[in-house]
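Below: the structure, in structure tokens.
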Amino acid sequence: MSTAAPDPFGKAFMAYYRGEKVSCTIRRDDDLVDEDNMEGYFQGYDEWFDVEKKALQWVKGRVLDVGCGVGRHALWLQERGFTVTGIDVSPLALEVARLRGVRDCRLMDVRELDFPPSSFETVIMMGNNFGLAGNTEATKKMLKKFHEITTEEGGIIAESRNPLETDNPRHLAYHEKNRRMGRPPGQVTIRLEFKGEIGPWFDLLLATPEEMAEMAEASGWQIREIYKDESGRWRGLYAAILTKNEKRLR
Ligand SMILES: C[S@@+](CC[C@H](N)C(=O)[O-])C[C@H]1O[C@@H](n2cnc3c(N)ncnc32)[C@H](O)[C@@H]1O
């Protein structure tokens with residue numbers, strides 16, 4: 001019997017890489033179920049959201065790709081000459097990323113970063129990954145750590161989704177329940193499921209731009225620019241550029 005921790009996301013990534021057109025189930029703790037199509041994680045630059053294309057113009061220097069998945073951004077950046085380190089908690093996601101050509105990817109949790117000071121000029125958190133630390137306090141701690149491991153001209157490119165841009169009654173009820181529990185409206189407790197493999201429950205923080213600004217300012221960062229999705233394909237999607245000071249230029 002295998003003693004490895006369940007890795008449903010990684011198994012779905014690997015299945016897609018091997019040619020199966022699969023999706024991974026995301027179950028929220030109120031039993032709302034969503035299917036996350038793996039295809040999106042393998043798409044090339046032309047198919048990305050405009051907010052990602054605009055935000056990635058801010059990349060400079062050495063890059064840390066947090067929650068790199070199968071490496072769609074890392075590969076694009078590598079092709080442009082950037083040195084990229086990808087981290088992820090899914091061993092199979094990293095295996096696929098390596099098979100696809102990502103040169104430096106490591107098994108590491110963003111809540112337990114292990115890099116020397118001033119290791120990077122840019123941290124990218126793409127595909128909702130700003131919320132990976134899960135709650136407000138953990139996010140501030142993560143942002144403080146990014147402050148330490150980036151240079152004076154360090155910057156963060158963070159993608160999130162404004163949870164309030166919805167009229168879905170299930171989401172509105174979930175936000176209300178969160179507020180009653182003293183949590184931000186967009187702190188979602190979810191788990192991933194793929195072909196009978198079930199991951200642990202974890203929290204993902206979908207932050208409004210105002211919440212992101214507050215957490216950034218409490219951790220030594222400011223929001224310099226926000227790109228909001230105009231396509232309507234993914235309501236509330238935005239990418240923000242966080243910098244330590246005005247020295248950071250594109
Ligand atoms: C939504 S996917 C985004 C992947 C990639 N950034 C993209 O946009 O294609 C989220 C990724 O973050 C990883 N992840 C989840 N929790 C994490 C954590 N605490 N630390 C690092 N990576 C994490 C998952 O395994 C998954 O590969």
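Within each chain, counting starts at residue 1; across the structure tokens, chains are named A, B, ... in the order shown, with ligands numbered 1 upward in that order.
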
Under the rule of at most 8 Å, produce a per-residue listing of chain A near ligand 1: chain, number, name, the closest pair of atoms, and the distance in Å, as CSV, using only C-alpha atoms and all ligand atoms.
```
residue,atom,partner,partner_atom_place_in_ligand_line,distance
A:Phe9,CA,ligand 1,25 (O),6.4
A:Gly10,CA,ligand 1,25 (O),6.9
A:Gly40,CA,ligand 1,9 (O),7.1
A:Tyr41,CA,ligand 1,9 (O),4.3
A:Phe42,CA,ligand 1,9 (O),7.1
A:Asp65,CA,ligand 1,6 (N),7.3
A:Val66,CA,ligand 1,21 (C),5.8
A:Gly67,CA,ligand 1,12 (O),3.5
A:Cys68,CA,ligand 1,6 (N),4.3
A:Gly69,CA,ligand 1,27 (O),3.4
A:Val70,CA,ligand 1,9 (O),6.5
A:Gly71,CA,ligand 1,9 (O),6.5
A:Arg72,CA,ligand 1,9 (O),5.7
A:His73,CA,ligand 1,9 (O),6.9
A:Ile87,CA,ligand 1,21 (C),5.9
A:Asp88,CA,ligand 1,22 (N),3.7
A:Val89,CA,ligand 1,22 (N),4.6
A:Ser90,CA,ligand 1,25 (O),4.5
A:Ala93,CA,ligand 1,27 (O),5.9
A:Leu107,CA,ligand 1,21 (C),7.9
A:Met108,CA,ligand 1,21 (C),6.0
A:Asp109,CA,ligand 1,20 (N),3.6
A:Val110,CA,ligand 1,20 (N),4.0
A:Arg111,CA,ligand 1,19 (N),6.0
A:Met125,CA,ligand 1,6 (N),6.3
A:Met126,CA,ligand 1,6 (N),4.4
A:Gly127,CA,ligand 1,8 (O),3.8
A:Asn128,CA,ligand 1,1 (C),6.1
A:Asn129,CA,ligand 1,10 (C),6.0
A:Leu132,CA,ligand 1,19 (N),5.4
A:Ala133,CA,ligand 1,19 (N),6.0
```

Excluding same-chain residues fewer than 4 positions from Ala4 in chain A, what lies within 12 Å of it counting only C-alpha atoms, as an mmCIF file with C-alpha atoms, in the first residue's frame?
```cif
data_model
loop_
_atom_site.group_PDB
_atom_site.id
_atom_site.type_symbol
_atom_site.label_atom_id
_atom_site.label_comp_id
_atom_site.auth_asym_id
_atom_site.auth_seq_id
_atom_site.Cartn_x
_atom_site.Cartn_y
_atom_site.Cartn_z
ATOM 1 C CA PRO A 8 -5.241 14.571 -6.749
ATOM 2 C CA SER A 90 2.395 18.665 -5.586
ATOM 3 C CA PRO A 91 5.178 16.168 -6.407
ATOM 4 C CA LEU A 92 3.416 15.119 -9.608
ATOM 5 C CA GLU A 197 -8.114 10.295 -4.823
ATOM 6 C CA GLY A 199 -6.945 15.632 -0.969
#
```

How close does range 94-148 of chain A get to range 154-173 of chain A? List, as CSV, each residue of range 94-148 of chain A within 10 Å, its nearest atom pair and the distance in Å to one decimal, counting only C-alpha atoms.
```
residue,atom,partner,partner_atom,distance
A:Ser118,CA,A:Gly154,CA,8.5
A:Ser119,CA,A:Gly154,CA,9.8
A:Phe120,CA,A:Gly154,CA,7.1
A:Glu121,CA,A:Gly154,CA,4.5
A:Thr122,CA,A:Gly155,CA,4.9
A:Val123,CA,A:Ile156,CA,4.7
A:Ile124,CA,A:Ile157,CA,4.7
A:Met125,CA,A:Ala158,CA,4.7
A:Met126,CA,A:Glu159,CA,5.1
A:Gly127,CA,A:Glu159,CA,5.9
A:Asn128,CA,A:Ser160,CA,4.3
A:Asn129,CA,A:Glu159,CA,6.2
A:Phe130,CA,A:Ala158,CA,5.4
A:Gly131,CA,A:Ser160,CA,7.0
A:Leu143,CA,A:Ile156,CA,9.1
A:Phe146,CA,A:Ile156,CA,8.3
A:His147,CA,A:Gly154,CA,7.5
A:Glu148,CA,A:Gly154,CA,9.6
```

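In terms of minimum interatomic distance to Lys177 in chain A, A:Asp29 ranks closest within A:Pro6, A:Trp58, A:Asp29, A:Tyr17, counting only C-alpha atoms.
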
Margin query: Residues within 10 Å of Glu225 in chain A, please, as a PyMOL selection string. Count only C-alpha atoms; anything in the same chain fewer than 4 positions from it doesn't count.
Written below: chain A and resi 55+157+239-243

Using DSSP assignments from the backbone, pull out every residue in range 172-211 of chain A that falls under strand (DSSP E or B) and give it to me as a PDB file with N, CA, C and O atoms, in the first residue's frame.
```pdb
ATOM      1  N   GLN A 187     -12.712  33.732   1.943  1.00  0.00           N
ATOM      2  CA  GLN A 187     -11.857  32.623   2.438  1.00  0.00           C
ATOM      3  C   GLN A 187     -12.630  31.320   2.260  1.00  0.00           C
ATOM      4  O   GLN A 187     -13.561  31.031   3.001  1.00  0.00           O
ATOM      5  N   VAL A 188     -12.223  30.537   1.258  1.00  0.00           N
ATOM      6  CA  VAL A 188     -12.986  29.321   0.946  1.00  0.00           C
ATOM      7  C   VAL A 188     -12.240  28.082   1.447  1.00  0.00           C
ATOM      8  O   VAL A 188     -11.026  27.978   1.303  1.00  0.00           O
ATOM      9  N   THR A 189     -12.997  27.182   2.048  1.00  0.00           N
ATOM     10  CA  THR A 189     -12.432  25.898   2.482  1.00  0.00           C
ATOM     11  C   THR A 189     -12.801  24.874   1.415  1.00  0.00           C
ATOM     12  O   THR A 189     -13.991  24.649   1.149  1.00  0.00           O
ATOM     13  N   ILE A 190     -11.784  24.312   0.795  1.00  0.00           N
ATOM     14  CA  ILE A 190     -12.025  23.421  -0.353  1.00  0.00           C
ATOM     15  C   ILE A 190     -11.147  22.168  -0.269  1.00  0.00           C
ATOM     16  O   ILE A 190     -10.189  22.115   0.513  1.00  0.00           O
ATOM     17  N   ARG A 191     -11.504  21.187  -1.087  1.00  0.00           N
ATOM     18  CA  ARG A 191     -10.588  20.055  -1.277  1.00  0.00           C
ATOM     19  C   ARG A 191     -10.662  19.620  -2.738  1.00  0.00           C
ATOM     20  O   ARG A 191     -11.642  19.916  -3.445  1.00  0.00           O
ATOM     21  N   LEU A 192      -9.632  18.898  -3.160  1.00  0.00           N
ATOM     22  CA  LEU A 192      -9.552  18.468  -4.554  1.00  0.00           C
ATOM     23  C   LEU A 192      -9.797  16.970  -4.644  1.00  0.00           C
ATOM     24  O   LEU A 192      -9.368  16.214  -3.752  1.00  0.00           O
ATOM     25  N   GLU A 193     -10.451  16.560  -5.702  1.00  0.00           N
ATOM     26  CA  GLU A 193     -10.773  15.135  -5.877  1.00  0.00           C
ATOM     27  C   GLU A 193     -10.516  14.754  -7.336  1.00  0.00           C
ATOM     28  O   GLU A 193     -10.867  15.509  -8.249  1.00  0.00           O
ATOM     29  N   PHE A 194      -9.873  13.611  -7.528  1.00  0.00           N
ATOM     30  CA  PHE A 194      -9.636  13.140  -8.895  1.00  0.00           C
ATOM     31  C   PHE A 194      -9.617  11.622  -8.892  1.00  0.00           C
ATOM     32  O   PHE A 194      -8.780  11.006  -8.228  1.00  0.00           O
ATOM     33  N   GLU A 197      -9.187   9.782  -5.702  1.00  0.00           N
ATOM     34  CA  GLU A 197      -8.114  10.295  -4.823  1.00  0.00           C
ATOM     35  C   GLU A 197      -8.595  11.621  -4.225  1.00  0.00           C
ATOM     36  O   GLU A 197      -8.965  12.542  -4.957  1.00  0.00           O
ATOM     37  N   ILE A 198      -8.616  11.687  -2.901  1.00  0.00           N
ATOM     38  CA  ILE A 198      -9.196  12.861  -2.245  1.00  0.00           C
ATOM     39  C   ILE A 198      -8.137  13.570  -1.415  1.00  0.00           C
ATOM     40  O   ILE A 198      -7.506  12.971  -0.532  1.00  0.00           O
ATOM     41  N   PHE A 202      -8.374  22.455   2.660  1.00  0.00           N
ATOM     42  CA  PHE A 202      -7.457  23.590   2.892  1.00  0.00           C
ATOM     43  C   PHE A 202      -8.182  24.882   2.554  1.00  0.00           C
ATOM     44  O   PHE A 202      -9.220  24.864   1.885  1.00  0.00           O
ATOM     45  N   ASP A 203      -7.640  25.974   3.077  1.00  0.00           N
ATOM     46  CA  ASP A 203      -8.263  27.276   2.822  1.00  0.00           C
ATOM     47  C   ASP A 203      -7.525  28.012   1.713  1.00  0.00           C
ATOM     48  O   ASP A 203      -6.290  28.008   1.653  1.00  0.00           O
ATOM     49  N   LEU A 204      -8.303  28.653   0.830  1.00  0.00           N
ATOM     50  CA  LEU A 204      -7.779  29.521  -0.221  1.00  0.00           C
ATOM     51  C   LEU A 204      -8.437  30.881  -0.010  1.00  0.00           C
ATOM     52  O   LEU A 204      -9.663  30.947   0.158  1.00  0.00           O
ATOM     53  N   LEU A 205      -7.628  31.931   0.009  1.00  0.00           N
ATOM     54  CA  LEU A 205      -8.177  33.262   0.257  1.00  0.00           C
ATOM     55  C   LEU A 205      -8.360  34.013  -1.060  1.00  0.00           C
ATOM     56  O   LEU A 205      -7.379  34.368  -1.718  1.00  0.00           O
TER      57      LEU A 205
END
```

Margin query: Please list as a PyMOL selection string every residue within 10 Å of Tyr16 in chain A, counting only C-alpha atoms and excluding residues in the same chain fewer than 3 positions away.
Written below: chain A and resi 10-13+19-23+37-39+41-42+96

Atoms to include: N, CA and C atoms. Write the selected residues as a compact mmCIF listing (two decimals), in the first residue's frame.
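Printed below is result22.txt as written:
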```
# COMPACT_ATOMS: atom_id res chain seq x y z
N GLY A 10 -2.03 16.72 -8.76
CA GLY A 10 -0.88 16.20 -9.50
C GLY A 10 -1.27 15.05 -10.41
N LYS A 11 -2.14 14.17 -9.91
CA LYS A 11 -2.57 13.03 -10.75
C LYS A 11 -3.33 13.53 -11.97
N ALA A 12 -4.16 14.57 -11.75
CA ALA A 12 -4.91 15.13 -12.89
C ALA A 12 -3.96 15.79 -13.89
N PHE A 13 -2.94 16.50 -13.37
CA PHE A 13 -1.94 17.11 -14.27
C PHE A 13 -1.26 16.03 -15.10
N GLY A 19 -2.26 12.68 -22.10
CA GLY A 19 -3.21 12.70 -23.21
C GLY A 19 -4.68 12.53 -22.85
N GLU A 20 -4.99 12.41 -21.53
CA GLU A 20 -6.41 12.28 -21.16
C GLU A 20 -7.00 13.68 -20.97
N LYS A 21 -8.15 13.94 -21.54
CA LYS A 21 -8.80 15.26 -21.42
C LYS A 21 -9.58 15.29 -20.10
N VAL A 22 -8.89 15.53 -19.01
CA VAL A 22 -9.52 15.40 -17.69
C VAL A 22 -9.70 16.74 -16.99
N SER A 23 -10.53 16.70 -15.95
CA SER A 23 -10.65 17.85 -15.05
C SER A 23 -10.52 17.33 -13.62
N ASN A 37 -10.87 22.35 -15.34
CA ASN A 37 -10.36 21.70 -16.55
C ASN A 37 -8.83 21.85 -16.61
N MET A 38 -8.14 20.75 -16.70
CA MET A 38 -6.66 20.77 -16.68
C MET A 38 -6.06 21.47 -17.91
N GLU A 39 -6.85 21.56 -18.96
CA GLU A 39 -6.34 22.14 -20.21
C GLU A 39 -5.72 23.53 -19.98
N TYR A 41 -4.11 24.80 -17.64
CA TYR A 41 -2.77 24.84 -17.03
C TYR A 41 -1.66 24.53 -18.02
N PHE A 42 -2.06 24.04 -19.20
CA PHE A 42 -1.08 23.69 -20.22
C PHE A 42 -1.07 24.70 -21.38
N VAL A 96 5.69 16.76 -13.84
CA VAL A 96 5.26 17.17 -15.18
C VAL A 96 6.00 18.44 -15.61
```

Next item on the list: as a PyMOL selection string, list the residues of range 115-201 of chain A assigned to helix (DSSP H, G or I) by DSSP on the backbone atoms of this structure.
Entry: chain A and resi 129-133+136-149+169-180

Let's have the selection written as a short mmCIF file (atom, residue, chain, number, x, y, z; two decimals), in the first residue's frame, with N, CA, C and O atoms.
```cif
data_model
loop_
_atom_site.label_atom_id
_atom_site.label_comp_id
_atom_site.auth_asym_id
_atom_site.auth_seq_id
_atom_site.Cartn_x
_atom_site.Cartn_y
_atom_site.Cartn_z
N ASN A 129 -3.17 32.31 -7.13
CA ASN A 129 -2.23 31.85 -6.12
C ASN A 129 -1.90 32.86 -5.03
O ASN A 129 -1.26 32.50 -4.04
N PHE A 130 -2.37 34.11 -5.17
CA PHE A 130 -2.14 35.06 -4.07
C PHE A 130 -2.72 34.49 -2.77
O PHE A 130 -2.20 34.74 -1.69
N GLY A 131 -3.78 33.70 -2.92
CA GLY A 131 -4.50 33.22 -1.74
C GLY A 131 -4.00 31.92 -1.14
O GLY A 131 -4.62 31.37 -0.23
N LEU A 132 -2.85 31.41 -1.61
CA LEU A 132 -2.43 30.06 -1.18
C LEU A 132 -2.14 29.94 0.31
O LEU A 132 -2.27 28.85 0.87
N ALA A 133 -1.77 31.04 0.96
CA ALA A 133 -1.48 30.93 2.40
C ALA A 133 -2.77 30.69 3.19
O ALA A 133 -2.74 30.22 4.32
N THR A 136 -5.84 35.69 6.35
CA THR A 136 -5.22 37.02 6.36
C THR A 136 -3.87 37.01 7.07
O THR A 136 -2.87 37.53 6.55
N GLU A 137 -3.81 36.41 8.25
CA GLU A 137 -2.55 36.43 9.02
C GLU A 137 -1.45 35.68 8.29
O GLU A 137 -0.31 36.14 8.21
N ALA A 138 -1.77 34.50 7.77
CA ALA A 138 -0.77 33.70 7.05
C ALA A 138 -0.31 34.42 5.78
O ALA A 138 0.85 34.31 5.38
N THR A 139 -1.21 35.16 5.15
CA THR A 139 -0.84 35.89 3.93
C THR A 139 0.14 37.01 4.27
O THR A 139 1.13 37.24 3.57
N LYS A 140 -0.13 37.71 5.38
CA LYS A 140 0.80 38.78 5.78
C LYS A 140 2.18 38.20 6.10
O LYS A 140 3.21 38.77 5.74
N LYS A 141 2.18 37.05 6.77
CA LYS A 141 3.45 36.39 7.10
C LYS A 141 4.21 36.03 5.81
O LYS A 141 5.41 36.24 5.69
N MET A 142 3.46 35.49 4.84
CA MET A 142 4.05 35.12 3.55
C MET A 142 4.63 36.36 2.86
O MET A 142 5.75 36.33 2.34
N LEU A 143 3.88 37.46 2.88
CA LEU A 143 4.34 38.69 2.21
C LEU A 143 5.59 39.25 2.89
O LEU A 143 6.49 39.77 2.23
N LYS A 144 5.66 39.12 4.21
CA LYS A 144 6.86 39.58 4.93
C LYS A 144 8.06 38.73 4.53
O LYS A 144 9.18 39.22 4.37
N LYS A 145 7.83 37.44 4.37
CA LYS A 145 8.92 36.54 3.96
C LYS A 145 9.37 36.89 2.53
O LYS A 145 10.58 36.91 2.24
N PHE A 146 8.42 37.21 1.65
CA PHE A 146 8.80 37.63 0.29
C PHE A 146 9.66 38.89 0.36
O PHE A 146 10.58 39.08 -0.43
N HIS A 147 9.34 39.77 1.31
CA HIS A 147 10.10 41.00 1.48
C HIS A 147 11.56 40.67 1.76
O HIS A 147 12.48 41.28 1.21
N GLU A 148 11.76 39.67 2.61
CA GLU A 148 13.11 39.27 3.03
C GLU A 148 13.89 38.60 1.89
O GLU A 148 15.08 38.84 1.72
N ILE A 149 13.21 37.80 1.10
CA ILE A 149 13.95 37.01 0.09
C ILE A 149 14.04 37.70 -1.27
O ILE A 149 14.52 37.12 -2.23
N PRO A 169 -26.37 33.17 -5.57
CA PRO A 169 -26.85 33.10 -4.19
C PRO A 169 -26.03 32.15 -3.31
O PRO A 169 -25.88 32.41 -2.11
N ARG A 170 -25.48 31.08 -3.89
CA ARG A 170 -24.65 30.15 -3.09
C ARG A 170 -23.40 30.87 -2.58
O ARG A 170 -23.00 30.71 -1.42
N HIS A 171 -22.77 31.66 -3.46
CA HIS A 171 -21.57 32.39 -3.04
C HIS A 171 -21.93 33.47 -2.02
O HIS A 171 -21.23 33.65 -1.02
N LEU A 172 -23.05 34.17 -2.28
CA LEU A 172 -23.43 35.26 -1.36
C LEU A 172 -23.71 34.71 0.03
O LEU A 172 -23.31 35.30 1.04
N ALA A 173 -24.36 33.55 0.09
CA ALA A 173 -24.64 32.92 1.40
C ALA A 173 -23.34 32.50 2.07
O ALA A 173 -23.17 32.63 3.29
N TYR A 174 -22.39 31.99 1.28
CA TYR A 174 -21.09 31.57 1.83
C TYR A 174 -20.34 32.77 2.41
O TYR A 174 -19.77 32.69 3.50
N HIS A 175 -20.40 33.91 1.68
CA HIS A 175 -19.74 35.13 2.17
C HIS A 175 -20.34 35.54 3.52
O HIS A 175 -19.62 35.92 4.45
N GLU A 176 -21.68 35.48 3.60
CA GLU A 176 -22.37 35.90 4.83
C GLU A 176 -21.95 35.01 6.00
O GLU A 176 -21.69 35.48 7.10
N LYS A 177 -21.88 33.70 5.72
CA LYS A 177 -21.47 32.77 6.78
C LYS A 177 -20.05 33.10 7.23
O LYS A 177 -19.75 33.12 8.43
N ASN A 178 -19.17 33.38 6.28
CA ASN A 178 -17.79 33.74 6.62
C ASN A 178 -17.76 34.98 7.50
O ASN A 178 -17.05 35.02 8.50
N ARG A 179 -18.54 36.01 7.11
CA ARG A 179 -18.54 37.26 7.89
C ARG A 179 -19.00 36.97 9.31
O ARG A 179 -18.42 37.48 10.27
N ARG A 180 -20.02 36.12 9.46
CA ARG A 180 -20.52 35.77 10.81
C ARG A 180 -19.42 35.08 11.62
O ARG A 180 -19.36 35.21 12.84
#
```

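As for CA of Arg62 in chain A and CA of Thr83 in chain A, they are spaced 5.2 Å apart.
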
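For the pair CA of Phe49 in chain A and CA of Glu211 in chain A, the separation is 22.5 Å.
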
Next item on the list: Counting only C-alpha atoms, figure out which residue out of A:Pro117, A:Val102, A:Thr208, A:Ala213 gets nearest to Leu237 in chain A.
Entry: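 Using only C-alpha atoms, Leu237 in chain A sits closest to A:Thr208.
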
Notebook entry, point to check: When distances are computed from only C-alpha atoms, which of A:Glu35, A:Glu230, A:Asp104, A:Glu95 shows the smallest separation from Gln78 in chain A?
Noted result: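 Using only C-alpha atoms, Gln78 in chain A sits closest to A:Asp104.
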
Check: A:Val33, A:Ala207, A:Leu99, A:Val63: which is nearest Arg18 in chain A, counting only C-alpha atoms?
Finding: A:Leu99

Next item on the list: Please measure the separation of CA of Arg28 in chain A and CA of Gly236 in chain A, giving the value in Å to one decimal.
Entry: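 Between CA of Arg28 in chain A and CA of Gly236 in chain A the gap is 18.5 Å.
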